[in-house]
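Here's the structure, in C-alpha cells; my notes come after.
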Amino acid sequence: MGHLLVVESWVGSMSRLLPRAIREGGHEFTFLTRDLHHYLRSAPEGTAHPLLGARNIVTADTNDPDALLPEVERLHAVLGFDGVLTSCDYYLPTAARIAGRLGLPGPGPEAVENACRKDATRRILADAQLPQPRFAVHEEWTDLARAAREIGYPLVVKPVDLCAGMYVRRVDDEAELAAAYRALADFPVNARGQRRAPAVLLEELLDGPEVSVETVSHGGAVHVVGVTDKSIGGAPAFIETGHMFPAALSAADTEAAEQTALGALKALGLTDGVVAHTEVKLTSAGPRVVEVNPRPAGNRITELVRHVTGIDLAAAFVDVALGRTPDLRRTDTGLRSAAIGFLVPHTVGTLETLDGTGLHDTPGVLEVQLAEPGRAVKAAGSNNEYLGHVMAGDADGPGARDRVEALLAGLRAGLVIR
C-alpha cells in the first residue's frame with residue numbers, strides 16, 4: 001500500500017477516475033488544499049465525495065510553493081508519503097516541486113514547469129528544432145501587433161498559463177487581436193486564485209486535423225498507448241466537441257504523430273514518471289506540436305482508452321507517482337473503437353428541456369451524462385460549458401464516432417434553452 005499526497009485535485013473527469021484508481025490500487029491519500037470549501041460545494045455526480053476516502057485533509061497555502069515546501073517536509077516527517085500527484089493543471093508544477101524536495105518519484109520540476117507554460121514549451125521545442133507553428137510571445141500591445149503582422153493573419157491567440165481552451169481564439173485582423181488582448185488583460189487571476197502571467201502567445205493558424213498522443217513514461221522509457229482524434233467547434237474559440245480512440249488514421253500518419261510527440265517529450269525532459277497527453281496537428285506540411293500536457297488526458301479520453309484497450313491511465317498515473325511499473329498490457333475488451341461527443345451550447349438562457357430518455361439502453365452506449373433542466377446556460381467559450389456528453393463504442397471498427405454523432409443529433413433536436 002502506498003501513501004499519496006494529493007494536491008488540489010478532483011477536477012473534470014479525474015474527479016471520478018483518480019479516487020477510484022487510488023482505492024482500487026489499495027492505496028491511501030492525504031489531501032492538501034488551500035480552500036476546503038472549494039471541494040465541499042458539490043460531489044462528483046453519482047459518487048460519494050472523494051474526500052470521504054482521505055486518510056487526512058490538510059489546509060495550507062498551495063498557491064505559495066516557497067512557503068509550502070517546508071510545511072510539506074514537516075508533514076512528510078510525520079505521515080510518510082510515497083508519492084505526490086495532482087489532477088489540476090495549475091498545481092502540476094507545485095506537485096513536481098514537492099516530489100523533488102522530498103526525494104519522491106516523478107518528473108523533474110523544471111520539465112513540468114516548462115510543459116505547463118506554453119511559451120516555455122515553444123522556446124524549448126524551437127531550440128530542439130522540432131516541428132511547431134511559427135510563434136511570438138509578448139506582453140506589450142505594440143510588440144504583439146508588430147509580431148502579428150510579421151507572422152501574418154489568421155493567427156491563434158493563447159494565454160501562456162491557462163487550460164481547457166480558455167481564451168484561446170482565432171483572430172483574422174488587428175481589431176480581433178486587440179479584442180482578444182483586452183479580454184486576457186481583464187482576466188488577471190485564474191480559477192484557483194493564482195496571478196496569471198501577462199505574456200500573450202501568438203501562433204500561426206495550422207491546417208489539418210488535430211490528434212493527441214497518450215503516453216506513459218517510466219524508468220526512462222516512454223510508452224505510446226495510442227492516438228486519439230479530436231473534433232473542434234465554436235469558432236473563433238477552439239472547443240473540443242468530441243474524441244475517438246483510436247484515431248482513424250493511416251499507419252503513416254499514426255507513426256508521424258507518435259514520433260512527433262516522443263520528440264517533444266524528450267526535448268522537455270518528460271521521459272520518466274509521467275502520464276502525458278501531447279496534442280499534434282497533422283498539417284499539409286507535416287505534423288506540428290500544439291501542446292504538451294504532463295498529466296492524463298481530460299474530457300474522458302482516458303475512459304475511451306480503457307474501453308478499447310483495457311489500459312487504465314488513471315491507475316498508471318498513480319503507479320508512476322509511486323515509482324511503480326504501470327500495467328500497460330492490452331486486453332480484449334470486445335471494442336475496436338470508442339468515442340465521446342459533447343453537447344455544446346451556443347446561446348444564453350436557462351435550460352428548459354434536455355431529454356435523454358432511453359439513451360442508456362441504446363446498444364453500444366457506454367455512458368450518458370446530461371445537465372438538469374433549470375441550469376443557467378451561456379454560450380460556450382471553452383471546454384468548461386458543456387451541457388453533457390454521450391460515449392459509445394463499436395465492436396467492429398472505427399464506427400464509434402458516427403454512433404455518437406447520431407445520438408447527439410437527437411439530443412439537439414429536443415434541446416430547449418429559453
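Convention: chains lettered A, B, ... in C-alpha cells order; per-chain residue numbering from 1; ligands numbered from 1 as shown.
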With the cut-off set at 9 Å and counting only C-alpha atoms, tabulate each residue of range 287-374 of chain A with an atom at most that distance from an atom of range 279-282 of chain A, showing the nearest atom pair and its distance in Å to one decimal, ordered by chain and increasing number, as CSV.
```
residue,atom,partner,partner_atom,distance
A:Pro287,CA,A:Leu282,CA,4.4
A:Arg288,CA,A:Lys281,CA,5.1
A:Val289,CA,A:Val280,CA,4.6
A:Val290,CA,A:Val280,CA,5.2
A:Glu291,CA,A:Glu279,CA,5.2
A:Val292,CA,A:Glu279,CA,6.3
A:Asn293,CA,A:Glu279,CA,8.1
```
May I have the residues from that selection written out with N, CA, C and O atoms, as a PDB file, in the first residue's frame?
```
ATOM      1  N   PRO A 287       3.490  16.960 -39.471  1.00  0.00           N
ATOM      2  CA  PRO A 287       2.977  17.126 -38.105  1.00  0.00           C
ATOM      3  C   PRO A 287       3.607  18.320 -37.409  1.00  0.00           C
ATOM      4  O   PRO A 287       4.767  18.662 -37.647  1.00  0.00           O
ATOM      5  N   ARG A 288       2.821  18.960 -36.536  1.00  0.00           N
ATOM      6  CA  ARG A 288       3.291  20.100 -35.754  1.00  0.00           C
ATOM      7  C   ARG A 288       2.807  19.924 -34.314  1.00  0.00           C
ATOM      8  O   ARG A 288       1.645  19.583 -34.075  1.00  0.00           O
ATOM      9  N   VAL A 289       3.671  20.187 -33.346  1.00  0.00           N
ATOM     10  CA  VAL A 289       3.297  20.088 -31.935  1.00  0.00           C
ATOM     11  C   VAL A 289       2.401  21.259 -31.557  1.00  0.00           C
ATOM     12  O   VAL A 289       2.746  22.424 -31.805  1.00  0.00           O
ATOM     13  N   VAL A 290       1.271  20.965 -30.957  1.00  0.00           N
ATOM     14  CA  VAL A 290       0.357  22.006 -30.478  1.00  0.00           C
ATOM     15  C   VAL A 290       0.624  22.293 -29.000  1.00  0.00           C
ATOM     16  O   VAL A 290       0.915  23.421 -28.621  1.00  0.00           O
ATOM     17  N   GLU A 291       0.515  21.276 -28.154  1.00  0.00           N
ATOM     18  CA  GLU A 291       0.770  21.434 -26.719  1.00  0.00           C
ATOM     19  C   GLU A 291       1.257  20.115 -26.143  1.00  0.00           C
ATOM     20  O   GLU A 291       0.956  19.039 -26.683  1.00  0.00           O
ATOM     21  N   VAL A 292       1.964  20.194 -25.032  1.00  0.00           N
ATOM     22  CA  VAL A 292       2.377  19.008 -24.283  1.00  0.00           C
ATOM     23  C   VAL A 292       1.833  19.159 -22.868  1.00  0.00           C
ATOM     24  O   VAL A 292       2.168  20.113 -22.162  1.00  0.00           O
ATOM     25  N   ASN A 293       0.987  18.233 -22.454  1.00  0.00           N
ATOM     26  CA  ASN A 293       0.364  18.280 -21.131  1.00  0.00           C
ATOM     27  C   ASN A 293       0.912  17.152 -20.273  1.00  0.00           C
ATOM     28  O   ASN A 293       0.684  15.968 -20.579  1.00  0.00           O
TER      29      ASN A 293
END
```
Practice task
Output as number ranges by chain all residues of range 123-355 of chain A that backbone DSSP marks as helix (DSSP H, G or I).
Solution key: A: 123-127, 141-151, 174-185, 251-268, 301-309, 313-321
Problem - From A:Asn299, A:Thr333, A:Thr353, A:Ser217, residue lying nearest Ala316 in chain A [only C-alpha atoms] - result: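 Using only C-alpha atoms, the shortest distance to Ala316 in chain A belongs to A:Ser217.
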Near-Glu204 in chain A list (8 Å; only C-alpha atoms; drop same-chain fewer than 6 positions) as an mmCIF file with all heavy atoms, in the first residue's frame:
```cif
data_model
loop_
_atom_site.group_PDB
_atom_site.id
_atom_site.type_symbol
_atom_site.label_atom_id
_atom_site.label_comp_id
_atom_site.auth_asym_id
_atom_site.auth_seq_id
_atom_site.Cartn_x
_atom_site.Cartn_y
_atom_site.Cartn_z
ATOM 1 N N PRO A 133 4.234 25.421 -34.906
ATOM 2 C CA PRO A 133 3.856 26.635 -35.635
ATOM 3 C C PRO A 133 4.841 27.762 -35.393
ATOM 4 O O PRO A 133 5.535 27.795 -34.369
ATOM 5 C CB PRO A 133 2.474 26.970 -35.058
ATOM 6 C CG PRO A 133 2.451 26.318 -33.715
ATOM 7 C CD PRO A 133 3.257 25.073 -33.849
ATOM 8 N N ARG A 134 4.905 28.690 -36.343
ATOM 9 C CA ARG A 134 5.633 29.934 -36.083
ATOM 10 C C ARG A 134 4.922 30.652 -34.952
ATOM 11 O O ARG A 134 3.697 30.627 -34.860
ATOM 12 C CB ARG A 134 5.663 30.798 -37.333
ATOM 13 C CG ARG A 134 6.543 30.246 -38.450
ATOM 14 C CD ARG A 134 6.479 31.141 -39.666
ATOM 15 N NE ARG A 134 5.140 31.130 -40.239
ATOM 16 C CZ ARG A 134 4.606 32.129 -40.938
ATOM 17 N NH1 ARG A 134 5.288 33.253 -41.119
ATOM 18 N NH2 ARG A 134 3.403 32.022 -41.443
ATOM 19 N N PHE A 135 5.692 31.312 -34.096
ATOM 20 C CA PHE A 135 5.084 31.893 -32.901
ATOM 21 C C PHE A 135 5.840 33.137 -32.461
ATOM 22 O O PHE A 135 6.967 33.403 -32.897
ATOM 23 C CB PHE A 135 5.073 30.872 -31.755
ATOM 24 C CG PHE A 135 6.436 30.606 -31.171
ATOM 25 C CD1 PHE A 135 6.859 31.275 -30.022
ATOM 26 C CD2 PHE A 135 7.318 29.698 -31.765
ATOM 27 C CE1 PHE A 135 8.112 31.043 -29.470
ATOM 28 C CE2 PHE A 135 8.561 29.458 -31.217
ATOM 29 C CZ PHE A 135 8.967 30.130 -30.072
ATOM 30 N N ILE A 151 4.132 37.551 -38.649
ATOM 31 C CA ILE A 151 3.727 36.161 -38.867
ATOM 32 C C ILE A 151 2.662 36.094 -39.948
ATOM 33 O O ILE A 151 2.707 35.228 -40.823
ATOM 34 C CB ILE A 151 3.222 35.525 -37.561
ATOM 35 C CG1 ILE A 151 4.337 35.480 -36.516
ATOM 36 C CG2 ILE A 151 2.686 34.114 -37.805
ATOM 37 C CD1 ILE A 151 3.881 35.017 -35.147
ATOM 38 N N GLY A 152 1.692 37.009 -39.869
ATOM 39 C CA GLY A 152 0.610 37.060 -40.841
ATOM 40 C C GLY A 152 -0.667 36.433 -40.325
ATOM 41 O O GLY A 152 -0.646 35.363 -39.710
ATOM 42 N N TYR A 153 -1.781 37.144 -40.571
ATOM 43 C CA TYR A 153 -3.096 36.630 -40.187
ATOM 44 C C TYR A 153 -3.540 35.574 -41.203
ATOM 45 O O TYR A 153 -3.085 35.592 -42.351
ATOM 46 C CB TYR A 153 -4.102 37.782 -40.132
ATOM 47 C CG TYR A 153 -3.835 38.773 -39.031
ATOM 48 C CD1 TYR A 153 -3.112 39.948 -39.296
ATOM 49 C CD2 TYR A 153 -4.288 38.562 -37.751
ATOM 50 C CE1 TYR A 153 -2.861 40.872 -38.293
ATOM 51 C CE2 TYR A 153 -4.040 39.485 -36.737
ATOM 52 C CZ TYR A 153 -3.321 40.631 -37.012
ATOM 53 O OH TYR A 153 -3.080 41.544 -36.022
ATOM 54 N N PRO A 154 -4.467 34.644 -40.781
ATOM 55 C CA PRO A 154 -5.065 34.479 -39.451
ATOM 56 C C PRO A 154 -4.069 33.872 -38.454
ATOM 57 O O PRO A 154 -3.137 33.169 -38.837
ATOM 58 C CB PRO A 154 -6.240 33.543 -39.703
ATOM 59 C CG PRO A 154 -5.807 32.723 -40.877
ATOM 60 C CD PRO A 154 -4.993 33.645 -41.745
ATOM 61 N N LEU A 155 -4.340 34.140 -37.173
ATOM 62 C CA LEU A 155 -3.487 33.707 -36.085
ATOM 63 C C LEU A 155 -4.315 33.069 -34.967
ATOM 64 O O LEU A 155 -5.542 33.237 -34.918
ATOM 65 C CB LEU A 155 -2.718 34.898 -35.499
ATOM 66 C CG LEU A 155 -1.659 35.557 -36.377
ATOM 67 C CD1 LEU A 155 -1.303 36.928 -35.811
ATOM 68 C CD2 LEU A 155 -0.427 34.672 -36.454
ATOM 69 N N VAL A 156 -3.618 32.394 -34.087
ATOM 70 C CA VAL A 156 -4.227 31.890 -32.856
ATOM 71 C C VAL A 156 -3.606 32.642 -31.686
ATOM 72 O O VAL A 156 -2.381 32.754 -31.593
ATOM 73 C CB VAL A 156 -3.997 30.381 -32.683
ATOM 74 C CG1 VAL A 156 -4.621 29.893 -31.382
ATOM 75 C CG2 VAL A 156 -4.569 29.613 -33.866
#
```
Problem - Long-range neighbours of Ala21 in chain A as a PyMOL selection string, 8 Å cut-off, only C-alpha atoms, 3 positions minimum in chain - result: chain A and resi 17-18+24-25+314-315+318
Keeping N, CA and C atoms, export the residues of the selection given above as an mmCIF file, in the first residue's frame.
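result-v6.cif, freshly written:
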```cif
data_model
loop_
_atom_site.group_PDB
_atom_site.id
_atom_site.type_symbol
_atom_site.label_atom_id
_atom_site.label_comp_id
_atom_site.auth_asym_id
_atom_site.auth_seq_id
_atom_site.Cartn_x
_atom_site.Cartn_y
_atom_site.Cartn_z
ATOM 1 N N LEU A 17 -12.193 9.427 -11.664
ATOM 2 C CA LEU A 17 -11.236 8.393 -12.038
ATOM 3 C C LEU A 17 -10.067 8.277 -11.074
ATOM 4 N N LEU A 18 -9.566 9.406 -10.580
ATOM 5 C CA LEU A 18 -8.404 9.346 -9.701
ATOM 6 C C LEU A 18 -8.728 8.705 -8.348
ATOM 7 N N GLU A 24 -8.745 1.389 -5.788
ATOM 8 C CA GLU A 24 -8.619 0.047 -6.358
ATOM 9 C C GLU A 24 -7.182 -0.443 -6.345
ATOM 10 N N GLY A 25 -6.222 0.494 -6.288
ATOM 11 C CA GLY A 25 -4.834 0.091 -6.184
ATOM 12 C C GLY A 25 -4.435 -0.294 -4.770
ATOM 13 N N ALA A 314 -5.571 6.280 -15.495
ATOM 14 C CA ALA A 314 -5.637 6.843 -14.142
ATOM 15 C C ALA A 314 -4.825 5.982 -13.177
ATOM 16 N N ALA A 315 -4.931 4.667 -13.324
ATOM 17 C CA ALA A 315 -4.141 3.760 -12.482
ATOM 18 C C ALA A 315 -2.655 3.900 -12.795
ATOM 19 N N VAL A 318 -1.275 6.896 -11.006
ATOM 20 C CA VAL A 318 -0.982 6.594 -9.605
ATOM 21 C C VAL A 318 0.298 5.775 -9.492
#
```
Practice task
Quick one: everything within 10 Å of range 222-228 of chain A, counting only C-alpha atoms, minus sequence neighbours fewer than 5 positions away in the same chain. Send it as an MDAnalysis selection string.
Solution key: chainID A and resid 210:217 243:249 254:255 257:259 261:262 265:266 270:280 297 301:302 304:305 309 311 313 328:330 338:339
Exercise for the section: Find the residues near Gly83 in chain A: any atom within 8 Å, counting only C-alpha atoms, skip ones fewer than 3 places away on the same chain, and give them as a PyMOL selection string. Expected result: chain A and resi 2-5+99+104-106+321-323
Handout entry: Minimum-distance residue to Asp361 in chain A, chosen among A:Gly397, A:Pro93, A:Ala392, A:Asn384 (using only C-alpha atoms)
Key =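 Counting only C-alpha atoms, the residue closest to Asp361 in chain A is A:Ala392.
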Handout entry: Contacts of Ala175 in chain A within 10 Å, only C-alpha atoms, excl. fewer than 5 positions in-chain, as JSON, numbers by chain
Key = {"A": [145, 180, 181]}
Keeping only N, CA and C atoms, write those residues as a CSV table (one decimal), in the first residue's frame.
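Contents of part-v6.csv, as written:
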```
chain,number,residue,atom,x,y,z
A,145,ALA,N,1.3,43.4,-31.7
A,145,ALA,CA,0.7,43.8,-33.0
A,145,ALA,C,1.8,43.7,-34.1
A,180,ALA,N,-9.0,40.3,-28.3
A,180,ALA,CA,-8.5,39.1,-27.5
A,180,ALA,C,-7.5,39.6,-26.5
A,181,TYR,N,-6.7,40.5,-26.8
A,181,TYR,CA,-5.6,41.0,-25.9
A,181,TYR,C,-6.3,41.7,-24.7
```
Handout entry: Secondary structure check, strand (DSSP E) residues of range 171-218 of chain A, as a VMD selection string
Key = chain A and resid 171 200 to 204 210 to 218
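Counting only C-alpha atoms and comparing A:Cys116, A:Ala67, A:Ala235, A:Ala77, the residue that lies closest to Leu92 in chain A is A:Cys116.
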Exercise for the section: Using only C-alpha atoms, find the one residue out of A:Gly234, A:Gly219, A:Pro398, A:Gly388 that sits nearest to Pro326 in chain A. Expected result: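 Among A:Gly234, A:Gly219, A:Pro398, A:Gly388, it is A:Gly219 that comes nearest to Pro326 in chain A.
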Problem - Shortest interatomic distance to Ala395 in chain A - which of A:His307, A:Arg122, A:His346, A:His218, counting only C-alpha atoms - result: A:His307
Completion exercise
Computed gap from CA of Thr350 in chain A to CA of Arg418 in chain A is 5.3 Å
Handout entry: Among listed residues A:Ser15, A:Thr362, A:Gln194, A:Val78, nearest Ala48 in chain A (using only C-alpha atoms)
Key =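 Using only C-alpha atoms, Ala48 in chain A sits closest to A:Ser15.
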Fill in the blank from the handout: Separating CA of Gly364 in chain A from CA of His389 in chain A, to the nearest tenth of an Å, is a gap of 14.5 Å
